[in-house]
>>> print(open('structure26.cif').read())   # mmCIF, C-alpha atoms
data_entry
loop_
_atom_site.label_atom_id
_atom_site.label_comp_id
_atom_site.auth_asym_id
_atom_site.auth_seq_id
_atom_site.Cartn_x
_atom_site.Cartn_y
_atom_site.Cartn_z
CA MET N 27 2.50 38.39 -28.87
CA ILE N 28 2.28 34.97 -30.58
CA VAL N 29 1.14 34.96 -34.19
CA ARG N 30 0.37 31.62 -35.82
CA ARG N 31 -0.49 30.48 -39.30
CA ARG N 32 -4.22 30.00 -39.75
CA ALA N 33 -5.17 26.46 -38.88
CA VAL N 34 -5.83 23.87 -41.53
CA PRO N 35 -8.35 21.09 -40.83
CA ALA N 36 -6.86 18.96 -38.09
CA VAL N 37 -6.32 15.29 -38.79
CA LEU N 38 -3.97 14.68 -35.91
CA ALA N 39 -5.41 12.95 -32.88
CA ALA N 40 -4.30 14.05 -29.48
CA THR N 41 -1.28 12.08 -28.39
CA ALA N 42 -0.17 11.19 -24.92
CA LEU N 43 2.15 13.75 -23.41
CA LEU N 44 5.79 12.82 -23.36
CA LEU N 45 7.02 12.17 -19.85
CA THR N 46 10.41 13.24 -18.51
CA ALA N 47 12.13 15.45 -18.33
CA GLY N 48 23.78 28.73 -21.53
CA CYS N 49 25.38 30.69 -22.93
CA SER N 50 27.31 33.08 -20.69
CA SER N 51 26.14 36.65 -20.42
CA GLY N 52 27.79 37.93 -23.61
CA GLY N 53 26.42 35.21 -25.87
CA GLU N 54 27.21 31.68 -26.95
CA GLY N 55 30.15 31.02 -24.67
CA GLY N 56 32.46 33.73 -25.98
CA PRO N 57 36.21 33.27 -25.41
CA ASP N 58 36.20 36.18 -23.00
CA GLY N 59 34.02 34.18 -20.62
CA SER N 60 31.04 36.46 -20.92
CA GLY N 61 27.75 36.23 -21.42
CA ARG N 62 17.32 15.83 -34.64
CA ALA N 63 16.25 14.52 -35.79
CA GLY N 64 16.36 12.22 -32.82
CA THR N 65 12.88 10.87 -33.50
CA GLY N 66 11.33 7.61 -34.43
CA LYS N 67 9.39 9.09 -37.37
CA ALA N 68 11.47 11.85 -38.87
CA PRO N 69 13.02 10.76 -42.17
CA GLY N 70 16.77 10.58 -42.48
CA ALA N 71 17.28 10.21 -38.74
CA SER N 72 18.25 7.07 -36.91
CA ALA N 73 15.50 5.71 -34.71
CA PRO N 74 16.82 5.21 -31.17
CA ARG N 75 17.78 1.62 -30.51
CA ALA N 76 16.19 0.07 -27.44
CA THR N 77 18.56 -0.25 -24.50
CA ALA N 78 17.92 -3.06 -22.04
CA SER N 79 20.25 -1.83 -19.33
CA VAL N 80 22.11 1.19 -18.01
CA PRO N 81 25.05 2.02 -20.30
CA PRO N 82 28.66 1.72 -19.05
CA ALA N 83 29.89 4.57 -16.88
CA LYS N 84 32.80 5.19 -19.27
CA GLY N 85 32.74 5.34 -23.04
CA SER N 86 34.91 6.16 -26.03
CA VAL N 87 34.95 8.42 -29.09
CA ARG N 88 36.82 7.96 -32.35
CA VAL N 89 36.76 10.41 -35.25
CA LEU N 90 36.47 8.25 -38.37
CA ARG N 91 36.82 10.93 -41.04
CA THR N 92 36.13 14.47 -42.17
CA VAL N 93 32.98 14.33 -44.28
CA ALA N 94 33.06 17.92 -45.59
CA GLU N 95 35.07 21.04 -44.85
CA GLY N 96 35.26 24.71 -45.74
CA LEU N 97 31.71 25.38 -44.49
CA LYS N 98 30.58 28.89 -43.53
CA THR N 99 28.83 29.31 -40.16
CA PRO N 100 27.09 25.90 -40.28
CA TRP N 101 24.28 25.54 -37.75
CA GLY N 102 21.55 22.97 -38.45
CA LEU N 103 22.01 19.50 -39.96
CA ALA N 104 19.33 17.17 -41.34
CA PRO N 105 20.14 13.73 -42.82
CA LEU N 106 18.12 12.91 -45.93
CA PRO N 107 16.44 9.54 -46.46
CA GLY N 108 18.49 7.57 -48.93
CA GLY N 109 21.67 9.58 -48.29
CA GLY N 110 22.90 13.13 -48.17
CA LEU N 111 23.02 15.77 -45.43
CA LEU N 112 21.33 19.17 -45.48
CA VAL N 113 23.23 21.90 -43.63
CA SER N 114 22.17 25.47 -42.92
CA SER N 115 24.49 28.48 -42.90
CA ARG N 116 23.60 30.97 -40.18
CA ASP N 117 25.18 34.04 -41.79
CA GLU N 118 24.76 33.18 -45.47
CA GLY N 119 21.09 32.22 -45.07
CA THR N 120 21.57 29.24 -47.36
CA ILE N 121 20.87 25.51 -47.19
CA SER N 122 23.31 23.15 -48.89
CA ARG N 123 23.42 19.42 -49.52
CA ILE N 124 26.51 17.42 -48.64
CA ASP N 125 27.26 14.11 -50.33
CA GLU N 126 28.48 12.20 -47.30
CA ARG N 127 30.51 9.80 -49.48
CA THR N 128 32.49 12.36 -51.48
CA GLY N 129 32.17 15.50 -49.36
CA ARG N 130 30.85 17.47 -52.33
CA THR N 131 28.69 20.39 -51.19
CA THR N 132 25.93 21.81 -53.40
CA GLU N 133 23.89 24.88 -52.51
CA LEU N 134 20.14 24.29 -52.70
CA GLY N 135 19.24 27.95 -52.39
CA THR N 136 18.89 30.99 -50.17
CA VAL N 137 16.07 31.21 -47.62
CA SER N 138 14.39 34.56 -48.21
CA GLY N 139 13.70 36.76 -45.21
CA VAL N 140 16.75 35.77 -43.14
CA SER N 141 18.33 38.74 -41.35
CA PRO N 142 21.58 37.54 -39.72
CA ALA N 143 23.14 39.51 -36.87
CA GLY N 144 24.98 38.38 -33.76
CA GLU N 145 23.73 34.91 -32.85
CA GLY N 146 20.72 35.23 -35.16
CA GLY N 147 20.31 34.07 -38.73
CA LEU N 148 19.36 30.78 -40.36
CA LEU N 149 19.51 28.31 -37.48
CA GLY N 150 17.94 24.87 -37.07
CA ILE N 151 16.44 22.78 -39.86
CA ALA N 152 14.28 19.65 -39.83
CA LEU N 153 12.53 17.43 -42.37
CA SER N 154 8.77 16.97 -42.43
CA PRO N 155 7.54 13.65 -40.98
CA ASP N 156 5.99 13.17 -44.45
CA PHE N 157 9.11 14.24 -46.32
CA ALA N 158 8.95 11.28 -48.70
CA SER N 159 5.70 12.65 -50.12
CA ASP N 160 5.66 16.38 -49.36
CA ARG N 161 9.44 17.17 -49.64
CA MET N 162 9.11 19.88 -47.00
CA VAL N 163 12.13 21.29 -45.15
CA TYR N 164 11.41 23.29 -41.98
CA ALA N 165 13.74 26.08 -40.85
CA TYR N 166 13.99 28.36 -37.81
CA PHE N 167 15.43 31.76 -38.63
CA THR N 168 15.82 35.36 -37.49
CA SER N 169 13.96 37.87 -39.64
CA ALA N 170 14.05 41.66 -39.50
CA SER N 171 11.34 41.61 -36.81
CA ASP N 172 11.37 38.26 -35.00
CA ASN N 173 12.41 34.62 -34.96
CA ARG N 174 10.10 32.36 -36.94
CA ILE N 175 9.63 28.88 -38.34
CA VAL N 176 8.97 28.35 -42.05
CA ARG N 177 8.73 25.41 -44.39
CA MET N 178 9.88 25.13 -48.01
CA ARG N 179 9.52 22.52 -50.70
CA TYR N 180 12.80 20.93 -51.77
CA ASP N 181 12.86 20.03 -55.48
CA GLU N 182 16.15 18.38 -56.39
CA ARG N 183 15.11 18.24 -60.05
CA ARG N 184 15.64 22.00 -60.35
CA PRO N 185 19.09 23.54 -60.96
CA ALA N 186 21.45 23.97 -58.03
CA GLY N 187 20.74 27.21 -56.20
CA GLU N 188 17.05 27.10 -57.21
CA GLN N 189 15.88 23.98 -55.39
CA LEU N 190 14.10 25.63 -52.47
CA GLY N 191 10.56 26.90 -52.85
CA ALA N 192 9.29 30.11 -51.28
CA PRO N 193 9.09 29.94 -47.46
CA ASP N 194 5.62 29.37 -46.00
CA THR N 195 5.50 30.82 -42.47
CA VAL N 196 4.34 28.23 -39.96
CA PHE N 197 4.91 30.16 -36.70
CA LYS N 198 6.17 33.68 -36.01
CA GLY N 199 6.49 36.16 -33.17
CA ILE N 200 9.35 34.49 -31.27
CA PRO N 201 11.38 37.35 -29.72
CA LYS N 202 14.70 38.08 -31.42
CA GLY N 203 17.89 39.56 -30.02
CA PHE N 204 21.58 39.96 -30.76
CA VAL N 205 21.98 36.97 -28.43
CA HIS N 206 19.79 34.12 -27.12
CA ASN N 207 17.71 33.27 -30.18
CA GLY N 208 17.44 29.55 -29.43
CA GLY N 209 16.94 27.92 -32.81
CA ARG N 210 16.84 24.14 -32.56
CA ILE N 211 13.80 22.46 -34.13
CA ALA N 212 12.95 18.76 -34.37
CA PHE N 213 9.96 16.54 -34.99
CA GLY N 214 9.25 14.29 -32.04
CA PRO N 215 8.20 10.64 -32.01
CA ASP N 216 4.59 11.92 -31.82
CA GLY N 217 4.92 13.72 -35.16
CA MET N 218 4.75 17.16 -33.49
CA LEU N 219 7.22 19.98 -34.13
CA TYR N 220 9.31 21.06 -31.12
CA ALA N 221 11.31 24.31 -30.99
CA GLY N 222 13.85 25.52 -28.45
CA THR N 223 13.73 29.30 -28.07
CA GLY N 224 15.75 31.92 -26.20
CA GLU N 225 14.70 34.90 -24.12
CA SER N 226 16.65 37.25 -26.44
CA GLY N 227 18.41 38.79 -23.43
CA ARG N 228 15.13 39.82 -21.76
CA GLU N 229 15.05 37.64 -18.66
CA GLY N 230 11.43 38.27 -17.78
CA LEU N 231 10.17 36.51 -20.91
CA SER N 232 11.20 33.08 -19.63
CA GLN N 233 8.59 33.13 -16.83
CA ASP N 234 5.90 34.79 -18.96
CA ARG N 235 3.81 31.94 -20.34
CA THR N 236 2.15 34.27 -22.87
CA SER N 237 5.52 34.81 -24.61
CA PRO N 238 7.19 32.14 -26.76
CA GLY N 239 10.63 33.40 -25.63
CA GLY N 240 12.67 31.22 -23.26
CA LYS N 241 10.51 28.14 -23.90
CA ILE N 242 10.25 24.78 -25.53
CA LEU N 243 7.31 24.96 -27.94
CA ARG N 244 5.25 22.02 -29.20
CA LEU N 245 3.35 22.61 -32.44
CA THR N 246 1.48 20.72 -35.11
CA PRO N 247 3.26 20.65 -38.49
CA GLU N 248 0.92 23.53 -39.48
CA GLY N 249 2.10 25.67 -36.54
CA GLU N 250 -0.90 25.36 -34.19
CA PRO N 251 -0.59 24.47 -30.47
CA ALA N 252 -0.26 20.69 -30.45
CA PRO N 253 -3.09 18.55 -28.99
CA GLY N 254 -2.47 17.72 -25.35
CA ASN N 255 -0.18 20.66 -24.58
CA PRO N 256 -0.08 21.49 -20.85
CA PHE N 257 -1.57 24.99 -21.14
CA PRO N 258 -4.88 25.51 -23.00
CA ASP N 259 -4.53 26.86 -26.55
CA SER N 260 -0.83 27.55 -26.00
CA PRO N 261 2.24 26.31 -27.90
CA VAL N 262 4.26 26.33 -24.65
CA TYR N 263 5.46 22.88 -23.58
CA SER N 264 7.93 23.94 -20.85
CA TYR N 265 9.15 27.32 -19.62
CA GLY N 266 11.75 29.04 -17.45
CA HIS N 267 14.50 28.42 -20.02
CA ARG N 268 17.29 30.80 -20.96
CA ASN N 269 18.46 29.64 -24.38
CA VAL N 270 17.63 26.14 -25.61
CA GLN N 271 19.68 24.84 -28.56
CA GLY N 272 19.58 21.07 -28.06
CA LEU N 273 16.63 18.63 -28.32
CA ALA N 274 16.67 14.81 -28.34
CA TRP N 275 14.43 11.88 -27.36
CA ASP N 276 15.39 8.57 -25.79
CA ASP N 277 14.01 5.15 -26.81
CA ARG N 278 11.02 5.63 -24.49
CA GLN N 279 10.05 8.92 -26.15
CA ARG N 280 11.29 11.11 -23.27
CA LEU N 281 12.54 14.54 -24.24
CA PHE N 282 15.90 16.03 -23.19
CA ALA N 283 17.16 19.56 -23.81
CA ALA N 284 20.47 21.42 -23.51
CA GLU N 285 20.45 24.99 -22.26
CA PHE N 286 22.97 27.81 -21.86
CA GLY N 287 23.45 29.23 -18.41
CA GLN N 288 24.71 32.74 -17.72
CA ASP N 289 27.95 32.88 -15.74
CA THR N 290 27.70 29.80 -13.55
CA TRP N 291 25.91 26.68 -14.82
CA ASP N 292 24.98 25.24 -18.20
CA GLU N 293 22.32 22.54 -18.08
CA LEU N 294 21.09 19.26 -19.52
CA ASN N 295 17.42 18.88 -18.64
CA ALA N 296 14.88 16.08 -18.73
CA ILE N 297 11.75 17.82 -19.98
CA ARG N 298 8.34 17.29 -18.42
CA PRO N 299 5.34 19.07 -19.97
CA GLY N 300 4.29 22.18 -18.08
CA ASP N 301 7.34 22.27 -15.81
CA ASN N 302 9.23 25.44 -14.88
CA TYR N 303 13.02 25.20 -15.35
CA GLY N 304 13.78 28.22 -13.22
CA TRP N 305 15.42 30.97 -15.28
CA PRO N 306 16.04 33.71 -14.25
CA GLU N 307 15.33 32.81 -10.60
CA ALA N 308 17.46 29.66 -10.79
CA GLU N 309 20.60 28.75 -12.74
CA GLY N 310 21.62 25.12 -12.35
CA LYS N 311 20.41 23.07 -9.41
CA SER N 312 18.35 25.08 -6.98
CA SER N 313 16.48 24.74 -3.71
CA GLY N 314 13.73 26.93 -5.13
CA ALA N 315 10.28 25.40 -4.80
CA GLY N 316 8.55 24.57 -8.05
CA PHE N 317 11.65 24.51 -10.27
CA HIS N 318 12.74 21.42 -12.19
CA ASP N 319 16.47 20.83 -11.57
CA PRO N 320 18.81 19.78 -14.40
CA LEU N 321 20.01 16.18 -14.53
CA ALA N 322 23.56 17.44 -15.18
CA GLN N 323 25.28 20.81 -15.08
CA TRP N 324 28.61 22.28 -16.17
CA ARG N 325 30.62 25.43 -15.65
CA THR N 326 30.08 27.68 -18.66
CA ASP N 327 33.73 27.48 -19.77
CA GLU N 328 33.41 23.69 -19.98
CA ALA N 329 30.28 23.51 -22.11
CA SER N 330 28.11 26.31 -23.56
CA PRO N 331 26.01 23.51 -25.05
CA SER N 332 24.29 23.54 -28.39
CA GLY N 333 23.16 20.31 -30.11
CA ILE N 334 22.50 16.99 -28.39
CA ALA N 335 21.87 13.45 -29.68
CA TYR N 336 20.74 10.19 -28.06
CA VAL N 337 22.46 6.86 -28.84
CA ASP N 338 22.15 3.62 -26.85
CA GLY N 339 21.26 5.09 -23.47
CA VAL N 340 23.65 8.05 -23.73
CA ILE N 341 23.14 11.75 -24.43
CA TRP N 342 25.97 13.26 -26.47
CA MET N 343 26.25 17.05 -26.10
CA ALA N 344 28.24 19.44 -28.30
CA GLY N 345 30.08 22.24 -26.47
CA LEU N 346 30.85 25.62 -28.03
CA ARG N 347 33.03 27.50 -25.58
CA GLY N 348 33.98 24.18 -23.99
CA LYS N 349 35.26 22.85 -27.35
CA ARG N 350 34.41 19.29 -26.41
CA LEU N 351 31.86 16.51 -26.81
CA TRP N 352 30.21 15.44 -23.57
CA ARG N 353 28.95 11.90 -22.88
CA VAL N 354 26.13 11.62 -20.31
CA PRO N 355 24.99 8.03 -19.59
CA LEU N 356 21.38 7.78 -18.46
CA ASN N 357 19.34 5.74 -16.07
CA GLY N 358 15.83 6.84 -16.99
CA THR N 359 15.80 10.62 -16.66
CA SER N 360 18.84 10.76 -14.36
CA ALA N 361 22.54 10.62 -15.11
CA SER N 362 23.86 7.16 -14.19
CA ALA N 363 27.49 8.34 -13.97
CA ALA N 364 29.51 11.53 -14.13
CA PRO N 365 29.64 13.20 -17.58
CA GLN N 366 32.78 12.39 -19.57
CA ALA N 367 34.48 14.79 -22.00
CA PHE N 368 36.02 13.88 -25.37
CA LEU N 369 37.78 15.72 -28.23
CA THR N 370 38.65 18.60 -25.89
CA GLY N 371 40.14 21.33 -28.07
CA ASP N 372 40.74 18.96 -30.99
CA HIS N 373 38.29 20.53 -33.43
CA GLY N 374 37.38 23.84 -31.81
CA ARG N 375 33.80 24.83 -31.10
CA LEU N 376 31.18 22.09 -31.57
CA ARG N 377 27.69 23.17 -32.66
CA THR N 378 25.51 20.26 -33.77
CA VAL N 379 25.48 16.51 -33.21
CA VAL N 380 23.06 14.15 -35.00
CA PRO N 381 22.69 10.35 -34.96
CA ALA N 382 24.21 8.79 -38.08
CA GLY N 383 22.99 5.22 -37.54
CA GLY N 384 24.33 2.48 -35.30
CA ASP N 385 27.14 3.73 -33.09
CA ARG N 386 27.97 6.77 -35.24
CA LEU N 387 27.30 10.51 -35.06
CA TRP N 388 27.53 13.45 -37.44
CA LEU N 389 29.35 16.28 -35.65
CA VAL N 390 29.39 19.90 -36.92
CA THR N 391 32.02 22.44 -35.82
CA SER N 392 31.39 26.18 -35.34
CA ASN N 393 34.69 28.04 -35.69
CA THR N 394 33.50 30.69 -38.17
CA ASP N 395 30.67 32.02 -35.99
CA GLY N 396 32.59 35.08 -34.80
CA ARG N 397 33.68 33.50 -31.52
CA GLY N 398 36.02 30.84 -32.84
CA ASP N 399 39.81 30.83 -32.81
CA PRO N 400 41.44 30.88 -36.27
CA LYS N 401 43.91 28.21 -35.17
CA ASP N 402 41.01 25.78 -34.85
CA GLY N 403 40.59 25.90 -38.62
CA ASP N 404 37.55 26.10 -40.87
CA ASP N 405 34.21 24.47 -40.24
CA ARG N 406 33.51 20.87 -41.11
CA VAL N 407 31.28 17.87 -40.63
CA LEU N 408 32.90 14.87 -38.95
CA GLU N 409 31.80 11.25 -38.76
CA VAL N 410 32.38 9.92 -35.24
CA ARG N 411 32.08 6.48 -33.68
CA VAL N 412 30.87 6.49 -30.07
CA ARG N 413 30.42 3.92 -27.32
#
>>> encode(input="structure26.cif", output="structure tokens")
Amino acid sequence: MIVRRRAVPAVLAATALLLTAGCSSGGEGGPDGSGRAGTGKAPGASAPRATASVPPAKGSVRVLRTVAEGLKTPWGLAPLPGGGLLVSSRDEGTISRIDERTGRTTELGTVSGVSPAGEGGLLGIALSPDFASDRMVYAYFTSASDNRIVRMRYDERRPAGEQLGAPDTVFKGIPKGFVHNGGRIAFGPDGMLYAGTGESGREGLSQDRTSPGGKILRLTPEGEPAPGNPFPDSPVYSYGHRNVQGLAWDDRQRLFAAEFGQDTWDELNAIRPGDNYGWPEAEGKSSGAGFHDPLAQWRTDEASPSGIAYVDGVIWMAGLRGKRLWRVPLNGTSASAAPQAFLTGDHGRLRTVVPAGGDRLWLVTSNTDGRGDPKDGDDRVLEVRVR
């Protein structure tokens, strides 16, 4: 059952639909082999730069510096306008601010209602499109009963640890599980709120369009189904997903999403409103009629993808179990060359990647999430130059 916050008077005109467009069975790419904002309007994010041609088939990655270290189960990252990075802690249920110049980390506060367990907890965060005036931070988290999206006012004038207001629930009723909670949220170029969800280990939810599990949702900032959604009075934008943890738009406002497979194929998908992406009938490319095939796929030990970011015609995809950063050059909504891997094993599990302006990315590791290897060290935010 989907439960939404009561609508406020709508002032948003219907926008044109965007055109475009796994974890293994034990969870987010466990070592045993089992089971951003990238928008033109969101504050603190780099607007995609227009690309006049197909990017080169081969690229490069250089880690410039460690921005901050010693983080505990970092998950979501949101750059602030004017400087600073907000980072969420999955297991602690806190949001902290990182000074990207000094690396100093200051806790804003604890998000009340978070109930961490397994892959659940405080997951993705995003800034309101009107952050400069409303100071609202959105968060996707696992509660005692479900996964939900809330928003909180951020008041930096208050003492550290007391800077977050009480959560206002925007959308609730997303199925929760020990695994497959999805969790990525982002405001699109149309000002709407998009959320990648998981099927919480219950495969049938992905094909059930009345359930928000195993979907990409498109909502107004108040949590109502966004104008122009493909199914009447429904928040569902696309379905047939297993566990979506990456969302990004290109410079023509086309949406892309990363998704965990089960035991065979992880996926990068170009998202088209109303399309069926196949799970559980299809994993990876399929001959099944009516399913939208991924534009790229990987074996689960090479990827287990979480965050993605778009820069200059290229999707950059963070790999958890794969412990690498994937480069996927695009020609429209197709891959223009074979994906290329970087940083393989250098920094352990990679959770989140966010544009940092120009040819740079913020990259967040995930070695303290219960599946990491102690030899990969603590968790940190890196500044990376990409081409």
>>> closest_atom_pairs(input="structure26.cif", of="stretch 360-411 of chain N", to="stretch 348-353 of chain N", cutoff="6 Å", atoms="only C-alpha atoms", output="Markdown table")
| residue | atom | partner | partner_atom | distance |
| --- | --- | --- | --- | --- |
| N:Pro365 | CA | N:Arg353 | CA | 5.5 |
| N:Gln366 | CA | N:Arg353 | CA | 5.1 |
| N:Ala367 | CA | N:Trp352 | CA | 4.6 |
| N:Phe368 | CA | N:Leu351 | CA | 5.1 |
| N:Leu369 | CA | N:Arg350 | CA | 5.2 |
| N:Thr370 | CA | N:Arg350 | CA | 4.3 |
| N:Gly371 | CA | N:Lys349 | CA | 5.2 |
| N:Gly374 | CA | N:Lys349 | CA | 5.0 |
| N:Arg375 | CA | N:Lys349 | CA | 4.5 |
| N:Leu376 | CA | N:Lys349 | CA | 5.9 |
>>> atom_distance(input="structure26.cif", atom1="atom CA of N:Leu153", atom2="atom CA of N:Ser138")
18.2 Å
>>> closest_atom_pairs(input="structure26.cif", of="stretch 122-178 of chain N", to="stretch 208-232 of chain N", cutoff="6 Å", atoms="only C-alpha atoms", output="tab-separated table")
residue	atom	partner	partner_atom	distance
N:Leu149	CA	N:Gly209	CA	5.3
N:Gly150	CA	N:Arg210	CA	4.7
N:Ala152	CA	N:Ala212	CA	5.7
N:Tyr166	CA	N:Gly209	CA	5.8
>>> resolve_selection(input="structure26.cif", expression="the PyMOL selection byres ((chain N and resi 300) around 9)", output="list of chain:residue names")
N:Asn255, N:Pro256, N:Phe257, N:Val262, N:Tyr263, N:Ser264, N:Tyr265, N:Ile297, N:Arg298, N:Pro299, N:Asp301, N:Asn302
>>> atom_distance(input="structure26.cif", atom1="atom CA of N:Gly129", atom2="atom CA of N:Val93")
5.3 Å
>>> closest_residue(input="structure26.cif", among="N:Pro306, N:Pro142, N:Pro185, N:Pro355", to="N:Thr99", atoms="only C-alpha atoms")
N:Pro142
>>> resolve_selection(input="structure26.cif", expression="the PyMOL selection byres ((chain N and resi 126) around 7)", output="list in words")
Val93, Gly110, Leu111, Ile124, Asp125, Arg127, Thr128 and Gly129 of chain N
>>> atom_distance(input="structure26.cif", atom1="atom CA of N:Arg174", atom2="atom CA of N:Arg268")
17.6 Å
>>> resolve_selection(input="structure26.cif", expression="the PyMOL selection byres ((chain N and resi 318) around 6)", output="list in words")
Asn302, Tyr303, Phe317 and Asp319 of chain N
>>> closest_residue(input="structure26.cif", among="N:Gly272, N:Gly345, N:Gly147, N:Gly266", to="N:Gly310", atoms="only C-alpha atoms")
N:Gly266
>>> axis_aligned_box(input="structure26.cif", around="stretch 253-268 of chain N", padding_each_side="3 Å", output="AutoDock Vina command-line options")
--center_x 6.2 --center_y 24.3 --center_z -23.2 --size_x 28.2 --size_y 19.1 --size_z 17.5
>>> closest_residue(input="structure26.cif", among="N:Ala308, N:Ala284, N:Val196, N:Leu389", to="N:Leu245", atoms="all atoms listed in the file")
N:Val196
>>> residues_around(input="structure26.cif", residues="stretch 118-123 of chain N", least_positions_apart="5", cutoff="6 Å", atoms="all atoms listed in the file", output="JSON, numbers by chain")
{"N": [111, 112, 113, 131, 132, 133, 134, 135, 136, 137, 140, 148]}
>>> closest_residue(input="structure26.cif", among="N:Pro100, N:Gly339, N:Gly316, N:Pro400", to="N:Ser360", atoms="all atoms listed in the file")
N:Gly339
>>> closest_residue(input="structure26.cif", among="N:Asp372, N:Ser312, N:Gln288, N:Gly55", to="N:Leu346", atoms="all atoms listed in the file")
N:Gly55
